[in-house]
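Structure file start.csv with CSV, C-alpha atoms:
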```
chain,number,residue,atom,x,y,z
N,1,MET,CA,-109.3,-11.2,-13.6
N,2,THR,CA,-107.2,-9.2,-16.0
N,3,ARG,CA,-106.5,-12.5,-17.9
N,4,SER,CA,-110.2,-13.4,-18.0
N,5,LEU,CA,-111.0,-10.0,-19.5
N,6,ALA,CA,-108.3,-10.4,-22.1
N,7,ILE,CA,-109.6,-13.9,-23.1
N,8,ALA,CA,-113.2,-12.5,-23.3
N,9,ALA,CA,-112.0,-9.7,-25.5
N,10,ILE,CA,-110.3,-12.1,-27.8
N,11,LEU,CA,-113.4,-14.2,-28.0
N,12,VAL,CA,-115.6,-11.2,-28.9
N,13,LEU,CA,-113.1,-10.1,-31.5
N,14,THR,CA,-112.9,-13.6,-33.0
N,15,VAL,CA,-116.7,-14.1,-33.1
N,16,THR,CA,-117.2,-10.6,-34.6
N,17,GLY,CA,-114.6,-11.3,-37.2
N,18,ALA,CA,-116.1,-14.6,-38.2
N,19,ALA,CA,-119.5,-13.1,-38.5
N,20,ALA,CA,-118.2,-10.3,-40.7
N,21,GLN,CA,-116.5,-12.8,-42.9
N,22,GLN,CA,-119.7,-14.9,-43.2
N,23,GLY,CA,-121.7,-11.7,-44.0
N,24,GLY,CA,-119.2,-11.0,-46.8
N,25,ARG,CA,-120.4,-10.5,-50.3
N,26,GLY,CA,-122.9,-13.4,-50.2
N,27,GLY,CA,-124.3,-12.7,-46.8
N,28,ARG,CA,-127.8,-11.2,-46.3
N,29,GLY,CA,-128.1,-7.7,-44.9
N,30,ASN,CA,-124.8,-6.6,-46.5
N,31,GLN,CA,-124.8,-4.7,-49.7
N,32,PRO,CA,-123.0,-6.5,-52.5
N,33,PRO,CA,-120.4,-4.5,-54.4
N,34,PRO,CA,-121.8,-2.3,-57.1
N,35,ALA,CA,-122.2,-3.8,-60.6
N,36,THR,CA,-119.0,-3.8,-62.6
N,37,ASP,CA,-119.6,-3.9,-66.3
N,38,ARG,CA,-116.8,-5.8,-67.8
N,39,LEU,CA,-117.3,-4.5,-71.3
N,40,ALA,CA,-114.9,-1.7,-70.3
N,41,PRO,CA,-112.0,-1.7,-67.8
N,42,PRO,CA,-112.6,0.0,-64.5
N,43,LYS,CA,-111.4,3.6,-64.2
N,44,PRO,CA,-109.1,4.4,-62.8
N,45,ALA,CA,-107.4,1.0,-63.4
N,46,PRO,CA,-106.1,-0.6,-60.3
N,47,THR,CA,-102.4,-0.6,-59.9
N,48,GLY,CA,-100.9,-3.7,-61.6
N,49,ALA,CA,-104.1,-4.5,-63.6
N,50,TRP,CA,-103.1,-6.3,-66.7
N,51,TRP,CA,-106.1,-5.5,-68.9
N,52,TYR,CA,-105.9,-2.9,-71.6
N,53,THR,CA,-107.0,0.5,-70.5
N,54,GLY,CA,-105.9,2.3,-73.6
N,55,ALA,CA,-102.6,3.3,-72.1
N,56,THR,CA,-99.3,1.8,-73.3
N,57,PRO,CA,-98.9,-1.7,-71.7
N,58,GLN,CA,-95.9,-1.9,-69.4
N,59,ARG,CA,-93.2,-4.6,-69.6
N,60,GLN,CA,-93.4,-7.0,-66.7
N,61,ALA,CA,-90.2,-7.5,-64.8
N,62,GLY,CA,-88.0,-7.2,-67.9
N,63,ARG,CA,-90.1,-9.5,-70.1
N,64,VAL,CA,-92.8,-8.7,-72.5
N,65,ASP,CA,-96.3,-9.6,-71.1
N,66,LEU,CA,-98.7,-11.2,-73.5
N,67,THR,CA,-101.4,-11.2,-70.9
N,68,GLY,CA,-104.7,-9.7,-72.2
N,69,VAL,CA,-107.7,-10.4,-74.4
N,70,TRP,CA,-107.0,-10.9,-78.1
N,71,PHE,CA,-109.0,-11.3,-81.2
N,72,GLY,CA,-107.9,-12.0,-84.7
N,73,GLY,CA,-111.2,-12.7,-86.4
N,74,ALA,CA,-112.4,-16.1,-87.7
N,75,SER,CA,-110.1,-17.8,-90.2
N,76,GLY,CA,-111.5,-20.3,-92.6
N,77,ASP,CA,-108.6,-21.8,-94.6
N,78,LEU,CA,-105.0,-22.1,-93.3
N,79,SER,CA,-103.6,-22.4,-96.9
N,80,ARG,CA,-104.6,-18.8,-97.4
N,81,ALA,CA,-102.6,-17.6,-94.3
N,82,THR,CA,-99.2,-19.1,-95.3
N,83,ILE,CA,-96.2,-16.9,-95.7
N,84,PRO,CA,-94.3,-16.8,-99.1
N,85,GLY,CA,-92.1,-19.8,-99.6
N,86,GLN,CA,-93.8,-21.7,-96.8
N,87,GLU,CA,-97.0,-22.8,-98.6
N,88,MET,CA,-99.0,-25.8,-97.8
N,89,VAL,CA,-98.4,-28.8,-100.1
N,90,LEU,CA,-100.6,-31.8,-99.6
N,91,THR,CA,-99.3,-35.4,-99.8
N,92,PRO,CA,-101.5,-37.9,-101.7
N,93,LEU,CA,-103.1,-38.9,-98.4
N,94,GLY,CA,-103.6,-35.2,-97.5
N,95,ARG,CA,-105.1,-34.5,-100.9
N,96,LYS,CA,-107.5,-37.4,-100.7
N,97,ARG,CA,-108.7,-36.4,-97.3
N,98,TRP,CA,-109.1,-32.8,-98.4
N,99,GLU,CA,-111.2,-33.8,-101.4
N,100,THR,CA,-113.4,-36.3,-99.4
N,101,VAL,CA,-113.8,-34.6,-96.1
N,102,ASP,CA,-117.5,-34.3,-95.0
N,103,HIS,CA,-118.2,-30.8,-93.6
N,104,ALA,CA,-121.2,-32.2,-91.8
N,105,LYS,CA,-118.7,-33.9,-89.5
N,106,ASP,CA,-116.7,-30.9,-88.5
N,107,PRO,CA,-115.8,-31.6,-84.9
N,108,ASN,CA,-116.6,-27.9,-84.1
N,109,THR,CA,-120.1,-28.5,-85.3
N,110,GLN,CA,-120.4,-31.4,-82.9
N,111,CYS,CA,-119.2,-29.1,-80.1
N,112,LEU,CA,-115.9,-30.9,-79.6
N,113,PRO,CA,-112.8,-29.0,-78.6
N,114,PRO,CA,-111.2,-27.0,-81.4
N,115,GLY,CA,-107.6,-28.0,-81.0
N,116,PRO,CA,-104.5,-25.9,-80.0
N,117,ALA,CA,-104.2,-23.6,-82.9
N,118,ARG,CA,-107.8,-23.5,-84.2
N,119,MET,CA,-109.0,-22.5,-80.8
N,120,ILE,CA,-107.8,-19.0,-81.5
N,121,MET,CA,-109.1,-19.0,-85.1
N,122,MET,CA,-112.8,-19.0,-84.2
N,123,ALA,CA,-115.3,-16.2,-83.9
N,124,HIS,CA,-114.4,-15.6,-80.3
N,125,PRO,CA,-111.7,-13.7,-78.5
N,126,ALA,CA,-109.2,-15.5,-76.3
N,127,MET,CA,-107.5,-14.4,-73.0
N,128,ILE,CA,-103.9,-15.1,-72.5
N,129,VAL,CA,-102.6,-15.2,-68.9
N,130,GLN,CA,-98.9,-15.2,-68.5
N,131,ARG,CA,-96.9,-16.3,-65.5
N,132,PRO,CA,-93.2,-17.1,-65.2
N,133,ASP,CA,-93.9,-20.9,-65.2
N,134,VAL,CA,-96.9,-21.2,-67.4
N,135,VAL,CA,-98.9,-19.4,-70.1
N,136,ALA,CA,-102.6,-20.2,-70.3
N,137,ILE,CA,-104.8,-19.5,-73.2
N,138,LEU,CA,-108.5,-19.3,-72.3
N,139,THR,CA,-110.8,-19.1,-75.3
N,140,GLU,CA,-114.4,-18.0,-75.2
N,141,SER,CA,-114.9,-20.7,-77.9
N,142,GLN,CA,-116.6,-23.4,-75.9
N,143,ARG,CA,-114.9,-22.1,-72.8
N,144,THR,CA,-111.9,-24.3,-73.6
N,145,TYR,CA,-108.3,-23.7,-72.5
N,146,ARG,CA,-104.8,-24.6,-73.3
N,147,ILE,CA,-101.8,-24.7,-70.9
N,148,ILE,CA,-98.3,-24.0,-72.1
N,149,TYR,CA,-95.7,-24.9,-69.5
N,150,THR,CA,-92.6,-22.7,-69.5
N,151,ASP,CA,-90.8,-24.1,-66.5
N,152,GLY,CA,-88.4,-26.3,-68.4
N,153,ARG,CA,-90.3,-29.5,-68.3
N,154,GLY,CA,-90.7,-31.9,-71.3
N,155,HIS,CA,-93.7,-33.6,-72.7
N,156,PRO,CA,-95.3,-36.5,-70.9
N,157,HIS,CA,-93.6,-39.8,-71.9
N,158,ASP,CA,-97.0,-41.3,-72.9
N,159,ILE,CA,-98.4,-38.4,-74.8
N,160,SER,CA,-98.4,-40.2,-78.1
N,161,GLU,CA,-100.4,-43.1,-76.7
N,162,TYR,CA,-102.8,-40.7,-74.9
N,163,PRO,CA,-103.2,-37.7,-77.2
N,164,GLU,CA,-105.2,-34.7,-76.0
N,165,TRP,CA,-107.6,-32.4,-77.8
N,166,MET,CA,-105.2,-29.5,-77.2
N,167,GLY,CA,-102.1,-31.6,-77.3
N,168,SER,CA,-99.1,-31.2,-75.0
N,169,SER,CA,-97.5,-27.8,-75.1
N,170,ILE,CA,-94.1,-26.6,-73.7
N,171,GLY,CA,-92.7,-23.2,-74.2
N,172,THR,CA,-89.4,-21.3,-74.1
N,173,TRP,CA,-88.6,-17.7,-74.4
N,174,GLU,CA,-86.3,-16.5,-77.2
N,175,GLY,CA,-85.9,-12.9,-76.3
N,176,ASP,CA,-89.4,-11.4,-76.4
N,177,THR,CA,-90.8,-14.3,-78.4
N,178,LEU,CA,-92.6,-17.2,-76.8
N,179,VAL,CA,-91.8,-20.4,-78.8
N,180,VAL,CA,-94.2,-23.3,-78.2
N,181,ASP,CA,-93.7,-26.9,-79.1
N,182,THR,CA,-96.9,-29.0,-79.3
N,183,VAL,CA,-97.3,-32.7,-79.9
N,184,GLY,CA,-99.8,-35.4,-79.0
N,185,ILE,CA,-102.7,-33.6,-80.7
N,186,ASN,CA,-105.9,-35.7,-81.0
N,187,GLU,CA,-106.2,-36.5,-84.7
N,188,LYS,CA,-109.9,-35.9,-84.6
N,189,THR,CA,-109.3,-32.2,-84.5
N,190,TRP,CA,-109.4,-30.2,-87.8
N,191,LEU,CA,-106.8,-27.6,-88.4
N,192,ASP,CA,-109.3,-25.1,-89.8
N,193,THR,CA,-112.9,-24.6,-90.8
N,194,ALA,CA,-112.1,-25.4,-94.4
N,195,GLY,CA,-111.5,-29.0,-93.4
N,196,HIS,CA,-107.7,-29.6,-93.3
N,197,GLU,CA,-107.1,-32.6,-91.2
N,198,HIS,CA,-104.0,-34.1,-89.7
N,199,GLY,CA,-102.5,-37.3,-88.4
N,200,PRO,CA,-100.9,-38.4,-85.1
N,201,LYS,CA,-97.4,-37.1,-86.1
N,202,LEU,CA,-98.5,-33.5,-86.3
N,203,ARG,CA,-96.1,-31.2,-84.5
N,204,LEU,CA,-96.7,-27.5,-84.1
N,205,THR,CA,-94.0,-24.9,-83.5
N,206,GLU,CA,-95.7,-21.6,-82.6
N,207,ARG,CA,-94.1,-18.2,-82.1
N,208,PHE,CA,-96.0,-15.6,-80.2
N,209,ARG,CA,-94.7,-12.0,-80.0
N,210,LEU,CA,-95.9,-8.5,-79.8
N,211,ALA,CA,-95.6,-6.9,-83.3
N,212,ASP,CA,-96.5,-3.7,-81.5
N,213,PRO,CA,-97.9,-3.2,-78.0
N,214,ASN,CA,-101.5,-3.9,-79.1
N,215,THR,CA,-100.8,-6.5,-81.9
N,216,LEU,CA,-100.0,-10.1,-81.2
N,217,GLU,CA,-98.3,-12.0,-84.0
N,218,HIS,CA,-98.9,-15.7,-84.2
N,219,VAL,CA,-96.6,-17.7,-86.5
N,220,VAL,CA,-97.2,-21.4,-86.7
N,221,ILE,CA,-95.2,-24.2,-88.4
N,222,TYR,CA,-97.4,-27.2,-89.1
N,223,ASP,CA,-95.3,-30.3,-89.6
N,224,ASP,CA,-97.1,-33.6,-90.4
N,225,PRO,CA,-95.2,-35.8,-93.0
N,226,ASP,CA,-98.3,-37.9,-93.5
N,227,PHE,CA,-100.5,-35.0,-94.7
N,228,PHE,CA,-98.1,-32.3,-95.9
N,229,VAL,CA,-95.0,-32.8,-98.2
N,230,LYS,CA,-93.1,-30.3,-96.1
N,231,PRO,CA,-93.7,-28.1,-93.1
N,232,PHE,CA,-95.8,-25.0,-93.9
N,233,THR,CA,-96.0,-21.8,-92.0
N,234,THR,CA,-98.9,-19.5,-91.3
N,235,ARG,CA,-98.9,-16.0,-89.9
N,236,ARG,CA,-101.9,-14.3,-88.3
N,237,LEU,CA,-102.3,-11.1,-86.2
N,238,PHE,CA,-104.5,-10.5,-83.2
N,239,LYS,CA,-105.6,-7.1,-81.9
N,240,ARG,CA,-105.7,-6.4,-78.2
N,241,GLN,CA,-109.3,-6.0,-76.9
N,242,VAL,CA,-110.4,-3.3,-74.5
N,243,GLY,CA,-111.6,-4.8,-71.3
N,244,ASP,CA,-111.1,-8.1,-69.6
N,245,ARG,CA,-114.3,-9.8,-70.6
N,246,ILE,CA,-114.6,-13.1,-72.4
N,247,MET,CA,-118.2,-14.2,-72.5
N,248,ASP,CA,-120.1,-17.4,-71.8
N,249,HIS,CA,-120.3,-20.0,-74.6
N,250,SER,CA,-121.7,-23.4,-74.3
N,251,CYS,CA,-122.0,-24.8,-77.8
N,252,LEU,CA,-124.6,-27.4,-76.7
N,253,GLU,CA,-126.8,-24.8,-75.0
N,254,ASN,CA,-129.2,-24.5,-77.9
N,255,GLU,CA,-127.6,-26.6,-80.6
N,256,LYS,CA,-130.1,-27.1,-83.4
N,257,ASP,CA,-128.0,-27.5,-86.5
N,258,LEU,CA,-126.7,-31.1,-86.3
N,259,GLN,CA,-130.0,-32.6,-87.3
N,260,LEU,CA,-130.2,-30.3,-90.3
N,261,LEU,CA,-126.8,-31.0,-91.7
N,262,GLU,CA,-126.5,-32.9,-95.0
N,263,PRO,CA,-123.4,-34.8,-96.2
N,264,THR,CA,-121.3,-32.1,-97.9
N,265,ILE,CA,-118.0,-33.4,-99.5
N,266,GLY,CA,-114.8,-31.4,-100.2
N,267,ASP,CA,-115.2,-28.2,-102.1
N,268,ALA,CA,-119.0,-28.3,-101.9
N,269,GLY,CA,-118.7,-27.2,-98.2
N,270,ARG,CA,-116.2,-24.5,-98.7
M,20,MET,CA,-124.1,0.6,-66.2
M,21,THR,CA,-122.3,3.9,-66.2
M,22,ARG,CA,-123.2,6.6,-68.7
M,23,THR,CA,-119.7,6.1,-70.3
M,24,ALA,CA,-120.3,2.4,-70.7
M,25,ILE,CA,-123.7,2.9,-72.3
M,26,GLY,CA,-122.1,5.4,-74.6
M,27,ALA,CA,-119.5,2.9,-75.6
M,28,VAL,CA,-122.1,0.3,-76.3
M,29,LEU,CA,-124.2,2.7,-78.4
M,30,ALA,CA,-121.1,3.8,-80.3
M,31,ARG,CA,-120.2,0.2,-81.0
M,32,ALA,CA,-123.8,-0.5,-82.1
M,33,LEU,CA,-123.8,2.5,-84.5
M,34,ALA,CA,-120.4,1.5,-85.9
M,35,CYS,CA,-121.7,-2.0,-86.5
M,36,VAL,CA,-124.8,-0.8,-88.3
M,37,LEU,CA,-122.5,1.1,-90.6
M,38,SER,CA,-120.0,-1.6,-91.1
M,39,CYS,CA,-121.1,-5.1,-90.0
M,40,ALA,CA,-123.1,-5.8,-93.1
M,41,ALA,CA,-119.8,-6.6,-94.8
M,42,VAL,CA,-118.5,-8.8,-91.9
M,43,PRO,CA,-119.6,-12.4,-92.0
M,44,ALA,CA,-120.1,-14.2,-88.7
M,45,ALA,CA,-118.2,-17.4,-88.5
M,46,ALA,CA,-120.5,-20.4,-88.1
M,47,HIS,CA,-120.1,-23.3,-85.9
M,48,HIS,CA,-121.1,-25.3,-89.0
M,49,SER,CA,-120.4,-25.2,-92.7
M,50,PHE,CA,-123.0,-22.9,-94.4
M,51,ALA,CA,-123.3,-25.3,-97.3
M,52,ALA,CA,-123.9,-28.3,-95.2
M,53,GLN,CA,-127.0,-26.8,-93.8
M,54,PHE,CA,-128.3,-24.1,-96.2
M,55,ASP,CA,-128.7,-23.7,-99.9
M,56,SER,CA,-127.3,-20.5,-101.5
M,57,ASN,CA,-129.6,-21.3,-104.5
M,58,LYS,CA,-132.6,-21.0,-102.3
M,59,PRO,CA,-132.9,-17.2,-101.5
M,60,VAL,CA,-136.0,-16.5,-99.4
M,61,LYS,CA,-137.8,-13.4,-98.2
M,62,LEU,CA,-140.3,-13.9,-95.4
M,63,THR,CA,-142.6,-11.5,-93.6
M,64,GLY,CA,-144.1,-12.7,-90.3
M,65,THR,CA,-144.7,-12.0,-86.6
M,66,ILE,CA,-142.2,-13.0,-84.0
M,67,THR,CA,-143.4,-15.9,-81.8
M,68,LYS,CA,-140.1,-16.7,-79.9
M,69,VAL,CA,-136.6,-15.4,-79.5
M,70,GLU,CA,-133.7,-17.6,-78.4
M,71,PHE,CA,-130.6,-15.4,-77.7
M,72,GLN,CA,-128.4,-18.4,-77.0
M,73,ASN,CA,-125.3,-20.1,-78.2
M,74,PRO,CA,-124.1,-21.3,-80.6
M,75,HIS,CA,-126.4,-19.3,-82.8
M,76,ILE,CA,-129.4,-17.1,-82.0
M,77,TYR,CA,-132.7,-18.3,-83.3
M,78,PHE,CA,-136.0,-16.6,-83.6
M,79,TYR,CA,-139.3,-17.8,-84.9
M,80,ILE,CA,-141.9,-16.1,-87.1
M,81,ASP,CA,-145.4,-17.1,-88.1
M,82,VAL,CA,-145.7,-16.7,-91.8
M,83,THR,CA,-149.1,-16.7,-93.5
M,84,GLN,CA,-149.2,-18.7,-96.7
M,85,ALA,CA,-151.1,-18.0,-99.9
M,86,ASP,CA,-153.8,-20.5,-98.8
M,87,GLY,CA,-154.3,-18.8,-95.4
M,88,SER,CA,-152.4,-21.4,-93.4
M,89,VAL,CA,-149.6,-20.4,-91.1
M,90,ILE,CA,-146.1,-21.9,-91.0
M,91,ASN,CA,-143.8,-21.2,-88.1
M,92,PHE,CA,-140.2,-20.6,-89.5
M,93,ALA,CA,-137.1,-20.8,-87.5
M,94,VAL,CA,-134.5,-18.1,-88.4
M,95,GLU,CA,-130.9,-18.7,-87.5
M,96,GLY,CA,-128.7,-15.7,-86.9
M,97,GLY,CA,-125.1,-15.0,-85.7
M,98,THR,CA,-123.5,-15.8,-82.4
M,99,PRO,CA,-125.1,-14.1,-79.3
M,100,ASN,CA,-121.7,-13.0,-78.0
M,101,GLN,CA,-120.7,-11.1,-81.2
M,102,LEU,CA,-124.1,-9.5,-81.3
M,103,ARG,CA,-124.0,-8.6,-77.6
M,104,ARG,CA,-120.6,-6.9,-78.1
M,105,GLN,CA,-122.2,-4.9,-80.9
M,106,GLY,CA,-124.9,-3.7,-78.5
M,107,TRP,CA,-127.7,-6.0,-79.5
M,108,GLY,CA,-129.6,-8.1,-77.0
M,109,ARG,CA,-132.4,-10.5,-76.4
M,110,ASP,CA,-134.8,-7.6,-76.4
M,111,SER,CA,-133.8,-6.3,-79.8
M,112,LEU,CA,-136.7,-8.3,-81.2
M,113,LYS,CA,-140.1,-8.1,-79.5
M,114,LEU,CA,-142.7,-10.8,-79.5
M,115,GLY,CA,-145.6,-10.0,-81.8
M,116,GLU,CA,-143.5,-7.6,-83.9
M,117,THR,CA,-143.6,-7.9,-87.6
M,118,VAL,CA,-140.3,-8.5,-89.4
M,119,THR,CA,-139.1,-9.2,-92.9
M,120,VAL,CA,-136.3,-11.7,-93.1
M,121,GLU,CA,-134.1,-12.2,-96.1
M,122,GLY,CA,-131.8,-15.2,-96.3
M,123,PHE,CA,-131.4,-18.7,-97.5
M,124,GLY,CA,-133.4,-21.8,-97.1
M,125,ALA,CA,-132.3,-25.1,-95.5
M,126,ARG,CA,-131.1,-28.0,-97.7
M,127,LYS,CA,-133.0,-30.5,-95.7
M,128,ALA,CA,-136.4,-31.2,-97.4
M,129,GLY,CA,-139.4,-30.0,-95.5
M,130,ALA,CA,-137.3,-28.0,-92.9
M,131,HIS,CA,-138.8,-24.6,-92.2
M,132,VAL,CA,-135.5,-23.2,-91.2
M,133,VAL,CA,-133.8,-20.1,-92.7
M,134,ASN,CA,-130.4,-18.6,-92.4
M,135,GLY,CA,-131.2,-15.0,-91.9
M,136,ARG,CA,-129.0,-12.3,-93.5
M,137,THR,CA,-131.1,-9.2,-93.0
M,138,VAL,CA,-133.8,-8.6,-90.5
M,139,ILE,CA,-136.0,-5.5,-91.1
M,140,LEU,CA,-138.6,-4.2,-88.8
M,141,ALA,CA,-141.9,-2.8,-90.1
M,142,ASP,CA,-140.6,0.8,-89.8
M,143,GLY,CA,-137.6,-0.1,-91.9
M,144,ARG,CA,-135.0,-0.3,-89.2
M,145,ARG,CA,-132.5,-3.2,-89.5
M,146,VAL,CA,-131.9,-5.3,-86.5
M,147,PHE,CA,-128.6,-6.9,-85.7
M,148,GLY,CA,-126.8,-4.9,-88.4
M,149,PHE,CA,-126.2,-8.3,-90.0
M,150,SER,CA,-127.4,-11.8,-89.4
M,151,GLY,CA,-125.9,-14.9,-90.7
M,152,ALA,CA,-123.8,-17.9,-90.2
M,153,ALA,CA,-121.2,-17.8,-92.9
M,154,GLU,CA,-120.8,-16.6,-96.4
M,155,PRO,CA,-122.6,-18.9,-98.9
```
Represent the structure from my file as C-alpha cells, please.
Amino acid sequence: MTRSLAIAAILVLTVTGAAAQQGGRGGRGNQPPPATDRLAPPKPAPTGAWWYTGATPQRQAGRVDLTGVWFGGASGDLSRATIPGQEMVLTPLGRKRWETVDHAKDPNTQCLPPGPARMIMMAHPAMIVQRPDVVAILTESQRTYRIIYTDGRGHPHDISEYPEWMGSSIGTWEGDTLVVDTVGINEKTWLDTAGHEHGPKLRLTERFRLADPNTLEHVVIYDDPDFFVKPFTTRRLFKRQVGDRIMDHSCLENEKDLQLLEPTIGDAGR
Amino acid sequence: MTRTAIGAVLARALACVLSCAAVPAAAHHSFAAQFDSNKPVKLTGTITKVEFQNPHIYFYIDVTQADGSVINFAVEGGTPNQLRRQGWGRDSLKLGETVTVEGFGARKAGAHVVNGRTVILADGRRVFGFSGAAEP
C-alpha cells in the first residue's frame, strides 16, 4: 500500500511537472515574461552578463573579452584607411580592375554576403561572441556571420578548391590580441564599397585588440600578389555599443534598386 | 517600454536631429549608379504609402503636375535600422500628410524615383533628421 501511494505520488508530480513545462512561455493561460526592450541593457544587469552596461568591462578568466556589440561606421574606400608606410599599391591587373569595375555589380547591391572584413565595414553593427575555442562575428548586415576557430585547428585541405564567402578563419592569441588568418575567400567579394576587388590568393591577417575597454582596434593586412604590389595594412576603430541588440536585416525584403541601376564604371561610381 | 528607455530613445532622436544631417547613411548600392547628383529635385506631395523596410525605407507621394495630372513618386531614404536607433519609426510619416522632399532624381529615364535628402512636414518639422543613401 505504501509503495502504491509512493508510485501514485511520483506519477502526479511527473504529470504536473510536464504540464507546467508545456504551459511555459508559449502556453495559453500563462502570462509571458514582460517585454524586454533590447535597445538598453536590463537593470540591474544579471551577473555574468556580457553586454555593456556602462560599467568597466571585466576581464574573463585572465583573458580580455571582445564579446559585445561594436560599430565602426561605414567605410567606403580601404585605400584611405591604410597606415603610414603600408599603403595600397595596385598591380597592373589591380589597376585595370579598379578603373573598369562596374558599381552596378557590387555584390552587396545584389544582396550577396559581404566577405570577412567588409562585413564589419557596413552601416550595421556587429556582435562578437568569444569562447575559448571559437570567436563568432555576427553582423546585422544581411544577418551574416563569420566563425574564427581558436582551438588550434588548421584550414580545411580543400578550401582553395571550395572557397567561401567569408573564407576560412583560424585564430591565435598573442597576449591580449586575437590574430586571425583567413584564406579561401570567394573572389566574388569586394574588399570595400569603392570597388577594390581581389583574386583567389588573397590572405588576410587581422589583429583584434581593445585599444581601451570600449574601443576595438581592427588592423588588417591584405596580401594578394595578383592585385597588390605588396601587402597593405588598414586600421579601423569600433566603439562598444550599449545594449545587446542587433536588428533584423534582410536585404531582399524590399529590394527595389537593382532594376534602376545603370552601368557605372570606375571613378564615376565613387 | 520603460520611462528610462523612452527617454533614451527621445534623447537619441534629439541628438540626431542636431547632428545627423552631416552623417551620410551608407547605401547598399552606389549612389552614382542609381541617382544623378546633377538632377536636384524638390517635390511637394501627399503621402500615399510608407515602406519602413530593408534595405532602404521607401515612401510614396502624389505630386500634382503643372497640367493638373498626378504622378506618384517613390522616395528612397536611409536604412530602417539606423533610423529606428535614432528614434524614428514607420509612423513618423502619416498617410495623407503633405511633405516636401529635397533630393536627387534617378538616372534611369522615366523613373519617378528620388533619393530623398530632406523630408519636411507642412509645419516645417524635419522627419528622419536626414534621409539619403550615400553622398553624391
Checklist line | Residue neighbourhood Ser56 (chain M), 8 Å, all atoms listed in the file, exclusion window fewer than 2 positions, as a PyMOL selection string | finding: chain M and resi 51+54+58-59+123-124+155
Could you please tell me, as an mmCIF file with C-alpha atoms, in the coordinates of the input, which residues of chain N have an atom within 8 Å of chain M when using only C-alpha atoms?
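out.cif, written as the output of this step:
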```cif
data_model
loop_
_atom_site.group_PDB
_atom_site.id
_atom_site.type_symbol
_atom_site.label_atom_id
_atom_site.label_comp_id
_atom_site.auth_asym_id
_atom_site.auth_seq_id
_atom_site.Cartn_x
_atom_site.Cartn_y
_atom_site.Cartn_z
ATOM 1 C CA ALA N 35 -122.200 -3.800 -60.600
ATOM 2 C CA THR N 36 -119.000 -3.800 -62.600
ATOM 3 C CA ASP N 37 -119.600 -3.900 -66.300
ATOM 4 C CA LEU N 39 -117.300 -4.500 -71.300
ATOM 5 C CA ALA N 40 -114.900 -1.700 -70.300
ATOM 6 C CA ALA N 74 -112.400 -16.100 -87.700
ATOM 7 C CA HIS N 103 -118.200 -30.800 -93.600
ATOM 8 C CA ALA N 104 -121.200 -32.200 -91.800
ATOM 9 C CA ASP N 106 -116.700 -30.900 -88.500
ATOM 10 C CA ASN N 108 -116.600 -27.900 -84.100
ATOM 11 C CA THR N 109 -120.100 -28.500 -85.300
ATOM 12 C CA MET N 122 -112.800 -19.000 -84.200
ATOM 13 C CA ALA N 123 -115.300 -16.200 -83.900
ATOM 14 C CA HIS N 124 -114.400 -15.600 -80.300
ATOM 15 C CA THR N 193 -112.900 -24.600 -90.800
ATOM 16 C CA MET N 247 -118.200 -14.200 -72.500
ATOM 17 C CA ASP N 248 -120.100 -17.400 -71.800
ATOM 18 C CA HIS N 249 -120.300 -20.000 -74.600
ATOM 19 C CA SER N 250 -121.700 -23.400 -74.300
ATOM 20 C CA CYS N 251 -122.000 -24.800 -77.800
ATOM 21 C CA LEU N 252 -124.600 -27.400 -76.700
ATOM 22 C CA GLU N 253 -126.800 -24.800 -75.000
ATOM 23 C CA ASN N 254 -129.200 -24.500 -77.900
ATOM 24 C CA GLU N 255 -127.600 -26.600 -80.600
ATOM 25 C CA ASP N 257 -128.000 -27.500 -86.500
ATOM 26 C CA LEU N 260 -130.200 -30.300 -90.300
ATOM 27 C CA LEU N 261 -126.800 -31.000 -91.700
ATOM 28 C CA GLU N 262 -126.500 -32.900 -95.000
ATOM 29 C CA PRO N 263 -123.400 -34.800 -96.200
ATOM 30 C CA THR N 264 -121.300 -32.100 -97.900
ATOM 31 C CA ALA N 268 -119.000 -28.300 -101.900
ATOM 32 C CA GLY N 269 -118.700 -27.200 -98.200
ATOM 33 C CA ARG N 270 -116.200 -24.500 -98.700
#
```
Checklist line | Separation of CA of Ile137 (chain N) from CA of Ser169 (chain N) in Å | finding: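 CA of Ile137 (chain N) lies 11.2 Å from CA of Ser169 (chain N).
Straight-line separation from CA of Leu112 (chain N) to CA of Ile185 (chain N): 13.5 Å.
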Item checked: Which of N:Leu93, N:Met121, N:Val69, N:Leu78 sits closest to Tyr222 (chain N) [using only C-alpha atoms] -> N:Leu78
Checklist line | CA of Thr82 (chain N) to CA of Val183 (chain N), distance in Å rounded to a single decimal | finding: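 Taking CA of Thr82 (chain N) as the start and CA of Val183 (chain N) as the end point, the length is 20.6 Å.
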Notebook entry, point to check: Could you list as a PyMOL selection string every residue that has an atom within 12 Å of (-104.0, -15.9, -87.8), using the file's coordinates and counting only C-alpha atoms?
Noted result: chain N and resi 70-83+117-123+192+206-208+215-220+233-239
Next item on the list: Would you please work out which residue, of N:Leu191, N:Ile159, N:Val64, N:Ile170, is nearest to Ala136 (chain N) when using only C-alpha atoms?
Entry: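 Going through N:Leu191, N:Ile159, N:Val64, N:Ile170 one by one, the smallest distance to Ala136 (chain N) is for N:Ile170.
Each of N:Pro156, N:Pro132, N:Pro34, N:Gly115 was compared to Thr144 (chain N) using all atoms listed in the file, and N:Gly115 turns out to be the nearest.
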Item checked: Distance query region 65-69 of chain M at most 6 Å, only C-alpha atoms, self and fewer than 2 positions along chain excluded, as a list in words -> Phe78, Tyr79, Ile80, Asp81, Leu114, Gly115, Glu116 and Thr117 of chain M
Which residues come within 9 Å of Asp267 (chain N), counting only C-alpha atoms, excluding same-chain residues fewer than 4 positions away, as a PDB file with C-alpha atoms, keeping the file's coordinate frame?
```
ATOM      1  CA  TRP N  98    -109.100 -32.800 -98.400  1.00  0.00           C
ATOM      2  CA  GLU N  99    -111.200 -33.800-101.400  1.00  0.00           C
ATOM      3  CA  THR N 100    -113.400 -36.300 -99.400  1.00  0.00           C
ATOM      4  CA  VAL N 101    -113.800 -34.600 -96.100  1.00  0.00           C
ATOM      5  CA  ALA N 194    -112.100 -25.400 -94.400  1.00  0.00           C
TER       6      ALA N 194
END
```
